[in-house]
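Colleague: My structure is below; once you've seen it, I'll send some questions.
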Amino acid sequence: MKRRGRGMACMWYPIGFTVSANPSAAVVKIDEDGTATLLTGTVETGQGSLTVLAQIVAQELGIATDDVQVVSADTDATPMDTGAIASRTTYVTGNAARLAAEKAKEILFEVAAPMLGVKADQLEAKDHKIVVKGYPQRNVHIGDVASHARVVMGQPPIGSASFNPATVPLDPETGQGKPFGTYVYATQIAEVDVDDETGEVEVIRIVASHDCGTPINPMLVEGQVEGGISMGVGFALEEEILFDSQGRQINPNLTNYIIPTSLDMPEVEVDIVDNYDPTGPFGAKGVGEPTLVPTAAAIVNAIYNAVGVRITSLPATAEKVFAAIQAKRDAQPKQITA
Amino acid sequence: MVTVTINVNGEKRTASVPPETTLLRLLRDDFNLTGSKLGCDVGDCGACTVIVDGKAVNSCLMLAAQADGRDVLTIEGLATMDRLHPIQKAFEKYASLQCGFCGPGVIMSAKALLDENPDPTVQEIRDALGGNLCRCTGYVKMIEAIQDAARILRDEPVEINR
Ligand code: FES
Ligand code: FES
């Protein structure tokens, strides 16, 4: 008989390690047509990080995301980046990109100030213009300022910056310190059906509530959460590297290392908890790895809720769950029939 | 060597290949159609999915010679230079792919499904994608995009929800 259960798990996850140097650098140049180019050493692996970096630069310069061309991952031409790892790109590289854009913008402000007859600190960049704060009709197009900066002032608007979450060595005696720049938090709830005659577990639904600071691109955040949940479902129920006595993997291919298909994926509901982290670019933190941290725990808690057995090693295969159900039945005092 | 002639993306093409050559190798190595991906070469991943006479097949499991004289549609046959196919457009709109390696296979499976069933349920979409593994996305946004593309291909007004 199929038994329904629900389980929950919470997690926190660190973003931007500080125990050793962890820098990213970026260059932003503003061109005379009012567009900008970002040079970054980080790599796009499909998660959309270059889109997010372009959004950050666009926001800082008051231009459109489409107006930011990103040149990435060319070690000859782009500045150094610690890597597309550790859920750090939005936070660390994002901060570097924002700072580089800010520096380029400061040059524009210095150049635009005499053009508009005000001081540089009275200016802001928005809607593709350098604008006198509070007087939107007093403005110059950002491209014209960029051109003036180069042709008249001899100072092309280029900014370069790096960001390194302040390195803090851990106390050698206590092992304590401040090992990361910031932290993200999440809760996931799993609903499962467990067949108590076969031990088979089907994940019906997962509701995932994630804090990632400001979600700079909510659709991409959802994509990360959904993908992480599929990895979490595999981790919970299917995926296991098996070795022979010589330490050789005996399931090194997709025939017997099983990952979730579209038929194994539960219905997923993503809830992004809007938040603001003052140390992140526009309040953003990160979202990649954290997404799969609570999934397996929520699923095994749901199995416990459904059939009352604690699975303490993953994956919770049908065999393992069934053996646990059997053991629990065997341990129960036999019913004495009257 | 065997001589194989297939009608690929509407164009007749011929090659002479060793008999053990798979359709996938023929497409990639002889016809330079590298959109179909070689993931596992044994039928597990679906990255090599193409459409042969209207049916989605794993081209790594079909011999080139078996495709002789048949119609083969690959991912290269969907878009023109200036216009994506509605399924591709929907995948773009919903950010359905991440690394993209599974993409050509997933999109061809979706195309075969929608050609046969213009109004599939979510369960039918899940069934159609059952042979296409994706490590990145959890399939959620693919399913949404396929529903959206189905509506567009049926010429129904699409609800704007993004
Ligand atoms: S390459 Fe054909 S199924 Fe994997
Ligand atoms: S998008 Fe990476 S495998 Fe599907």
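Here's how to read the names in the structure tokens: chain A, B, ... by the order shown, residue numbers from 1 in each chain, ligand numbers from 1 in the order shown.
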Using only C-alpha atoms, find which residues of chain A lie within 7 Å of chain B and jot them down as a PyMOL selection string.
Modeller: chain A and resi 45-47+223+226-227+229-230+254-255+261-263+265
Colleague: Export C-alpha atoms of the chosen residues as a PDB file, in the first residue's frame?
Modeller:
```
ATOM      1  CA  THR A  45      28.580  27.068 -17.587  1.00  0.00           C
ATOM      2  CA  GLY A  46      24.928  27.565 -18.409  1.00  0.00           C
ATOM      3  CA  GLN A  47      23.784  28.913 -15.069  1.00  0.00           C
ATOM      4  CA  GLY A 223      16.538  27.389 -12.847  1.00  0.00           C
ATOM      5  CA  GLU A 226      15.021  23.323 -10.006  1.00  0.00           C
ATOM      6  CA  GLY A 227      18.282  21.835 -11.249  1.00  0.00           C
ATOM      7  CA  ILE A 229      16.453  19.689  -6.658  1.00  0.00           C
ATOM      8  CA  SER A 230      16.863  17.163  -9.492  1.00  0.00           C
ATOM      9  CA  LEU A 254      24.572   5.997 -17.369  1.00  0.00           C
ATOM     10  CA  THR A 255      23.252   2.452 -17.769  1.00  0.00           C
ATOM     11  CA  THR A 261      14.752  11.535 -15.718  1.00  0.00           C
ATOM     12  CA  SER A 262      11.760  13.742 -16.436  1.00  0.00           C
ATOM     13  CA  LEU A 263       9.641  10.914 -15.048  1.00  0.00           C
ATOM     14  CA  MET A 265      11.178  14.675 -11.171  1.00  0.00           C
TER      15      MET A 265
END
```
Colleague: Leaving out stretch 97-111 of chain A and any residue of its chain fewer than 3 positions from it, which residues lie within 8 Å of it when counting only C-alpha atoms, given as a PyMOL selection string?
Modeller: chain A and resi 25-30+38+40+53+56-57+60-61+93-94+114-115+119-121+123-125+130+142+145-146+148-149+153+155-162+281
Colleague: Atoms to include: N, CA, C and O atoms. Write the selected residues as a short mmCIF file (atom, residue, chain, number, x, y, z; two decimals), in the first residue's frame.
Modeller:
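Contents of result-v8.cif, freshly written:
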```cif
data_model
loop_
_atom_site.label_atom_id
_atom_site.label_comp_id
_atom_site.auth_asym_id
_atom_site.auth_seq_id
_atom_site.Cartn_x
_atom_site.Cartn_y
_atom_site.Cartn_z
N ALA A 25 38.59 39.86 -10.52
CA ALA A 25 38.86 41.19 -11.05
C ALA A 25 38.00 41.40 -12.28
O ALA A 25 37.53 40.44 -12.90
N ALA A 26 37.78 42.66 -12.61
CA ALA A 26 36.94 42.98 -13.77
C ALA A 26 37.36 44.30 -14.36
O ALA A 26 37.92 45.16 -13.68
N VAL A 27 37.12 44.46 -15.66
CA VAL A 27 37.34 45.74 -16.34
C VAL A 27 36.04 46.11 -17.04
O VAL A 27 35.41 45.24 -17.65
N VAL A 28 35.63 47.37 -16.90
CA VAL A 28 34.45 47.85 -17.62
C VAL A 28 34.86 49.07 -18.43
O VAL A 28 35.50 49.98 -17.90
N LYS A 29 34.55 49.05 -19.72
CA LYS A 29 34.80 50.26 -20.51
C LYS A 29 33.50 50.70 -21.15
O LYS A 29 32.67 49.87 -21.55
N ILE A 30 33.33 52.01 -21.18
CA ILE A 30 32.09 52.56 -21.71
C ILE A 30 32.40 53.14 -23.08
O ILE A 30 33.36 53.90 -23.26
N LEU A 38 32.26 44.47 -20.59
CA LEU A 38 32.80 43.93 -19.34
C LEU A 38 33.80 42.83 -19.68
O LEU A 38 33.48 41.92 -20.45
N THR A 40 35.78 39.80 -17.98
CA THR A 40 35.82 39.00 -16.75
C THR A 40 36.45 37.66 -17.04
O THR A 40 36.24 37.09 -18.11
N LEU A 53 26.05 39.17 -14.48
CA LEU A 53 27.11 40.18 -14.43
C LEU A 53 26.77 41.37 -15.35
O LEU A 53 26.99 42.52 -14.98
N ILE A 56 24.30 43.52 -13.59
CA ILE A 56 24.92 44.32 -12.53
C ILE A 56 25.59 45.56 -13.12
O ILE A 56 25.40 46.68 -12.64
N VAL A 57 26.35 45.36 -14.20
CA VAL A 57 27.04 46.49 -14.84
C VAL A 57 26.00 47.47 -15.40
O VAL A 57 26.12 48.70 -15.24
N GLU A 60 24.49 49.58 -12.67
CA GLU A 60 25.42 50.60 -12.16
C GLU A 60 25.53 51.77 -13.12
O GLU A 60 25.65 52.92 -12.70
N LEU A 61 25.45 51.48 -14.44
CA LEU A 61 25.67 52.53 -15.44
C LEU A 61 24.36 53.14 -15.94
O LEU A 61 24.38 54.06 -16.77
N THR A 93 32.57 37.88 -8.09
CA THR A 93 32.79 38.50 -9.41
C THR A 93 31.79 39.64 -9.62
O THR A 93 32.12 40.66 -10.23
N GLY A 94 30.58 39.46 -9.11
CA GLY A 94 29.56 40.52 -9.23
C GLY A 94 30.01 41.79 -8.54
O GLY A 94 29.82 42.90 -9.06
N PRO A 114 31.33 69.60 -15.60
CA PRO A 114 31.40 70.92 -16.25
C PRO A 114 30.43 71.06 -17.43
O PRO A 114 29.96 72.16 -17.71
N MET A 115 30.13 69.94 -18.11
CA MET A 115 29.18 70.01 -19.24
C MET A 115 27.81 70.46 -18.75
O MET A 115 27.06 71.14 -19.46
N LYS A 119 28.49 69.92 -9.71
CA LYS A 119 29.59 69.12 -9.18
C LYS A 119 29.33 67.64 -9.50
O LYS A 119 28.17 67.22 -9.63
N ALA A 120 30.43 66.87 -9.57
CA ALA A 120 30.30 65.45 -9.94
C ALA A 120 29.36 64.71 -8.98
O ALA A 120 28.60 63.83 -9.40
N ASP A 121 29.37 65.08 -7.68
CA ASP A 121 28.55 64.31 -6.74
C ASP A 121 27.07 64.66 -6.85
O ASP A 121 26.24 64.10 -6.13
N LEU A 123 25.54 64.16 -9.65
CA LEU A 123 25.10 63.45 -10.85
C LEU A 123 24.71 62.01 -10.55
O LEU A 123 25.16 61.41 -9.58
N GLU A 124 23.85 61.48 -11.41
CA GLU A 124 23.56 60.04 -11.37
C GLU A 124 23.43 59.54 -12.80
O GLU A 124 23.22 60.33 -13.72
N ALA A 125 23.58 58.20 -12.94
CA ALA A 125 23.49 57.60 -14.28
C ALA A 125 22.17 56.85 -14.35
O ALA A 125 21.94 55.92 -13.56
N ILE A 130 23.56 60.73 -18.22
CA ILE A 130 24.12 61.28 -16.98
C ILE A 130 23.22 62.47 -16.63
O ILE A 130 23.07 63.41 -17.44
N ILE A 142 24.82 59.24 -22.23
CA ILE A 142 26.04 58.61 -21.72
C ILE A 142 27.09 58.44 -22.82
O ILE A 142 28.30 58.60 -22.58
N VAL A 145 28.90 61.70 -23.30
CA VAL A 145 29.88 61.93 -22.23
C VAL A 145 31.12 61.07 -22.47
O VAL A 145 32.26 61.54 -22.34
N ALA A 146 30.90 59.82 -22.87
CA ALA A 146 32.03 58.92 -23.12
C ALA A 146 32.90 59.48 -24.24
O ALA A 146 34.14 59.44 -24.18
N HIS A 148 33.12 62.70 -25.20
CA HIS A 148 33.76 63.91 -24.68
C HIS A 148 34.96 63.54 -23.79
O HIS A 148 36.02 64.18 -23.85
N ALA A 149 34.77 62.50 -23.00
CA ALA A 149 35.83 62.06 -22.08
C ALA A 149 37.09 61.70 -22.87
O ALA A 149 38.20 62.07 -22.50
N MET A 153 38.73 65.40 -23.18
CA MET A 153 39.46 65.34 -21.92
C MET A 153 40.65 64.38 -21.96
O MET A 153 41.48 64.38 -21.04
N GLN A 155 40.58 61.23 -21.47
CA GLN A 155 40.47 60.27 -20.38
C GLN A 155 39.33 59.27 -20.67
O GLN A 155 38.21 59.44 -20.21
N PRO A 156 39.62 58.22 -21.46
CA PRO A 156 38.55 57.27 -21.80
C PRO A 156 37.95 56.64 -20.55
O PRO A 156 38.70 56.34 -19.60
N PRO A 157 36.63 56.49 -20.52
CA PRO A 157 35.99 55.95 -19.32
C PRO A 157 36.18 54.44 -19.18
O PRO A 157 35.39 53.66 -19.70
N ILE A 158 37.23 54.08 -18.50
CA ILE A 158 37.53 52.65 -18.27
C ILE A 158 37.75 52.48 -16.78
O ILE A 158 38.48 53.27 -16.16
N GLY A 159 37.12 51.48 -16.21
CA GLY A 159 37.32 51.21 -14.78
C GLY A 159 37.79 49.79 -14.59
O GLY A 159 37.34 48.88 -15.29
N SER A 160 38.74 49.62 -13.70
CA SER A 160 39.10 48.24 -13.37
C SER A 160 39.10 48.10 -11.86
O SER A 160 39.41 49.05 -11.14
N ALA A 161 38.71 46.92 -11.39
CA ALA A 161 38.61 46.73 -9.94
C ALA A 161 38.75 45.26 -9.64
O ALA A 161 38.55 44.40 -10.50
N SER A 162 39.10 44.99 -8.39
CA SER A 162 39.03 43.60 -7.95
C SER A 162 38.32 43.56 -6.62
O SER A 162 38.21 44.57 -5.93
N PRO A 281 26.68 42.63 -4.40
CA PRO A 281 26.35 43.61 -5.43
C PRO A 281 24.83 43.80 -5.51
O PRO A 281 24.11 42.82 -5.73
#
```
Colleague: Give me every helix (DSSP H, G or I) residue in stretch 99-301 of chain A, going by DSSP on the backbone, as number ranges by chain.
Modeller: A: 99-116, 120-122, 142-151, 218-237, 281-283, 289-292, 295-301
Colleague: Neighbouring residues of stretch 60-68 of chain B were defined as those with any atom within 6 Å, considering only C-alpha atoms; residues of the same chain fewer than 4 positions away were excluded. Please report them as number ranges by chain.
Modeller: B: 4-6, 21-24, 41
Colleague: Restricting the calculation to only C-alpha atoms and all ligand atoms, which member of B:Ala110, B:Glu156, B:Gly46, B:Met81 is positioned closest to ligand 2?
Modeller: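 Answer, going by the shortest atom-to-atom distance: B:Gly46.
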Colleague: For B:His85, please output as a list in words all residues within 12 Å (counting only C-alpha atoms; exclusion window: fewer than 6 positions along the same chain).
Modeller: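 Result of the neighbour search: Ile75, Glu76, Gly77, Leu78, Ala79, Phe91, Glu92, Ile107, Met108, Ala110, Lys111, Ile146, Ala149, Ala150, Ile152 and Leu153 of chain B.
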Colleague: So that I can see what lies close to A:Asp277, please list as a ChimeraX atom specification the residues with an atom at most 10 Å from it, counting only C-alpha atoms and leaving out residues fewer than 4 positions away in the same chain.
Modeller: /A:91,182-184,212-214,281-285
Colleague: In Å, how far is it from atom CA of B:Asp53 to atom CA of B:Phe31?
Modeller: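 Computing it gives 18.6 Å between the two atoms.
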Colleague: Quick one: residues within 12 Å of A:Arg329, only C-alpha atoms, excluding same-chain residues fewer than 4 positions away - as a VMD selection string?
Modeller: chain A and resid 196 to 197 307 to 309 322 to 325 333 to 335
Colleague: Any idea what the distance is between atom CA of A:Arg138 and atom CA of A:Ala54?
Modeller: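 Atom CA of A:Ala54 lies at a distance of 27.1 Å from atom CA of A:Arg138.
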Colleague: Just to confirm, what's the straight-line distance from atom CA of A:Ala21 to atom CA of A:Thr279 in Å (one decimal)?
Modeller: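 Interatomic distance, atom CA of A:Ala21 to atom CA of A:Thr279: 17.0 Å.
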Colleague: List every residue of chain B that DSSP, applied to the backbone of this structure, places in strand (DSSP E), and write the result as a list in words.
Modeller: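 Secondary structure check on chain B, strand (DSSP E): Val2, Thr3, Val4, Thr5, Ile6, Asn7, Val8, Glu11, Lys12, Arg13, Thr14, Ala15, Ser16, Val17, Thr49, Val50, Ile51, Val52, Lys55, Ala56, Val57, Asn58, Asp71, Val72 and Leu73 of chain B.
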Colleague: For ligand 2, which residue among A:Ser49, A:Thr37, A:Gln224, A:Thr317 is the nearest when counting only C-alpha atoms and all ligand atoms?
Modeller: A:Gln224
